[in-house]
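Working notes, beginning with the structure itself.
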Amino acid sequence: MSLTLLPFQFPGVPGVGCAFSARAFGSVSLTRGEMASSAARRAAIPALLGVRAFAEVHQVHGIRTIFEPHAQDPAAVPSEQADGMASSRPGLALMIKTADCQPVLVAHESGRFVMAIHSGWRGNRQDYPRIAVEEFCGHYRLDPRELWAVRGPSLGPAASEFVNFDKEWGPDFLPWFDRERRTMDLWMLARHQLETAGLLPGRILGIDLCTFDNAELFFSYRHFRQKGSEDGRQGSFIWIRSV
């Protein structure tokens, strides 16, 4: 099975586009040894999505969100540190890079405001999905009940093992921890955090494809760490369509 780009459409929000790249597309990060090919691949992203440019950040597993980011030079490594971006600018795609972490794309039902969130387990541990949505709503004066969200391919419940749960998580996260299997349901935790921020349950969607279990389709940090090799990053994109 070959998958290059998985498009996604929020119900009733035609003015917003979303897409998730896969392994067949190639890595969207500027990795050592593949700078030339990665830069060329990144330069092709705007035309592929039908946008003018894309924006990205240097992701650091934190809780900072940048509002109205500038377009990115496809051949340059992003320098501004953050784990989320929000925009009201048509024709600018927001790109999140992942290889097991959760990419969460958010759109207002009007189609005028979008946000992209990178949430690894450290982001979930810091309640970043909730924080990001609350900041998004505060900045643009939005009602969270009018938002849609979709989680892209990421580490599934059966593959998210944490042998040091008590040290890395703690008792507040026991509802999402399976002690017998020593795994965390990060998908349900992120859903809970979005609901806590005010999103309606029926407006929180998910592409339930585990990157670890589908490593032939998606880049997976944990899968290839077991083999002692490096792997790439797939991109998750959200944009406001130009009129």
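Convention: chains lettered A, B, ... in structure tokens order; per-chain residue numbering from 1; ligands numbered from 1 as shown.
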
Distance query Ala55 of chain A at most 7 Å, only C-alpha atoms, self and fewer than 5 positions along chain excluded, as a list in words: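 In the requested form, the answer reads Pro69, His70, Ala71, Gln72, Leu92, Ala93, Leu94 and Met95 of chain A.
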
Write out as a PyMOL selection string which residues come within 8 Å of Trp239 of chain A when counting only C-alpha atoms, dropping same-chain ones fewer than 4 positions away. chain A and resi 16-18+51+90-94+114

Excluding Pro157 of chain A and any residue of its chain fewer than 6 positions from it, enumerate the residues within 8 Å of it, using only C-alpha atoms, and give them as a list in words.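 Returned residues: Thr183, Met184, Asp185, Leu186 and Trp187 of chain A.
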
Dump C-alpha atoms for the selected residues as a PDB file, in the first residue's frame?
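Printed below is result-v3.pdb as written:
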```pdb
ATOM      1  CA  THR A 183       1.030   2.052  28.143  1.00  0.00           C
ATOM      2  CA  MET A 184      -0.571   5.499  27.944  1.00  0.00           C
ATOM      3  CA  ASP A 185      -3.601   6.270  25.792  1.00  0.00           C
ATOM      4  CA  LEU A 186      -2.286   9.567  24.489  1.00  0.00           C
ATOM      5  CA  TRP A 187      -5.125   9.818  21.971  1.00  0.00           C
TER       6      TRP A 187
END
```

Residue nearest Phe237 of chain A - candidates A:Leu30, A:Val60, A:Leu147, A:Ile117, atoms counted: only C-alpha atoms: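 Among the listed residues, A:Ile117 lies closest to Phe237 of chain A.
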
Long-range neighbours of Gly152 of chain A as a PyMOL selection string, 8 Å cut-off, only C-alpha atoms, 6 positions minimum in chain: chain A and resi 20+102-105+206-209+236

Hey, can you spit out that residue selection with N, CA and C atoms as a compact mmCIF listing (two decimals), in the first residue's frame?
```txt
# COMPACT_ATOMS: atom_id res chain seq x y z
N PHE A 20 -2.02 15.43 5.62
CA PHE A 20 -0.99 14.75 6.39
C PHE A 20 -0.11 13.99 5.42
N GLN A 102 1.78 13.75 18.48
CA GLN A 102 0.45 14.05 17.95
C GLN A 102 0.42 15.41 17.24
N PRO A 103 0.05 15.42 15.97
CA PRO A 103 -0.24 16.69 15.31
C PRO A 103 -1.73 16.97 15.47
N VAL A 104 -2.08 18.10 16.03
CA VAL A 104 -3.48 18.46 16.22
C VAL A 104 -3.76 19.72 15.42
N LEU A 105 -4.68 19.64 14.48
CA LEU A 105 -5.06 20.76 13.63
C LEU A 105 -6.42 21.27 14.07
N GLY A 206 -10.32 12.22 14.84
CA GLY A 206 -8.99 11.60 14.88
C GLY A 206 -8.78 10.65 13.73
N ILE A 207 -7.57 10.67 13.18
CA ILE A 207 -7.17 9.68 12.19
C ILE A 207 -6.41 8.61 12.96
N ASP A 208 -7.10 7.52 13.28
CA ASP A 208 -6.56 6.52 14.20
C ASP A 208 -5.62 5.55 13.51
N LEU A 209 -4.50 6.09 13.06
CA LEU A 209 -3.44 5.29 12.46
C LEU A 209 -2.20 5.43 13.35
N SER A 236 2.23 17.73 8.90
CA SER A 236 0.78 17.92 9.02
C SER A 236 0.51 19.38 8.72
```

Can you list every residue in segment 24-238 of chain A that DSSP puts in helix (DSSP H, G or I), as a PyMOL selection string? chain A and resi 24-25+35-43+45-49+121-125+128-140+144-146+165-168+171-176+186-196+201-203+221-225

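Of the listed residues A:Thr65, A:Ser88, A:Gln59, A:Ser38, the one whose atoms come nearest to Arg122 of chain A is A:Gln59, with distances taken using only C-alpha atoms.
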
Could you please determine the separation between atom CA of Gly84 of chain A and atom CA of Met115 of chain A in Å, to one decimal place? 7.2 Å

Of the listed residues A:Ser87, A:Thr98, A:Gln126, A:Asn214, that which approaches Gly156 of chain A most closely, counting only C-alpha atoms: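 Nearest to Gly156 of chain A: A:Asn214.
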
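Among the candidates A:Phe25, A:Trp176, A:Phe224, A:Phe8, the one nearest to Ala158 of chain A when counting only C-alpha atoms is A:Trp176.
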
Identify which of the residues A:Phe67, A:Phe10, A:Phe218, A:Phe54 lies closest to Ala132 of chain A, counting only C-alpha atoms when measuring atom-to-atom distances.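 For Ala132 of chain A, the nearest of the given residues is A:Phe67.
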
Two-atom distance - atom CA of Ser160 of chain A, atom CA of Gln9 of chain A (Å):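 One can read the atom CA of Ser160 of chain A to atom CA of Gln9 of chain A distance as 27.5 Å.
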
Looking at A:Leu189, A:Ala86, A:Ala75, A:Ala36, which one is nearest to Ser119 of chain A, with distances taken over only C-alpha atoms? A:Leu189

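Distance-wise, atom CA of Val77 of chain A and atom CA of Ala44 of chain A end up 16.0 Å apart.
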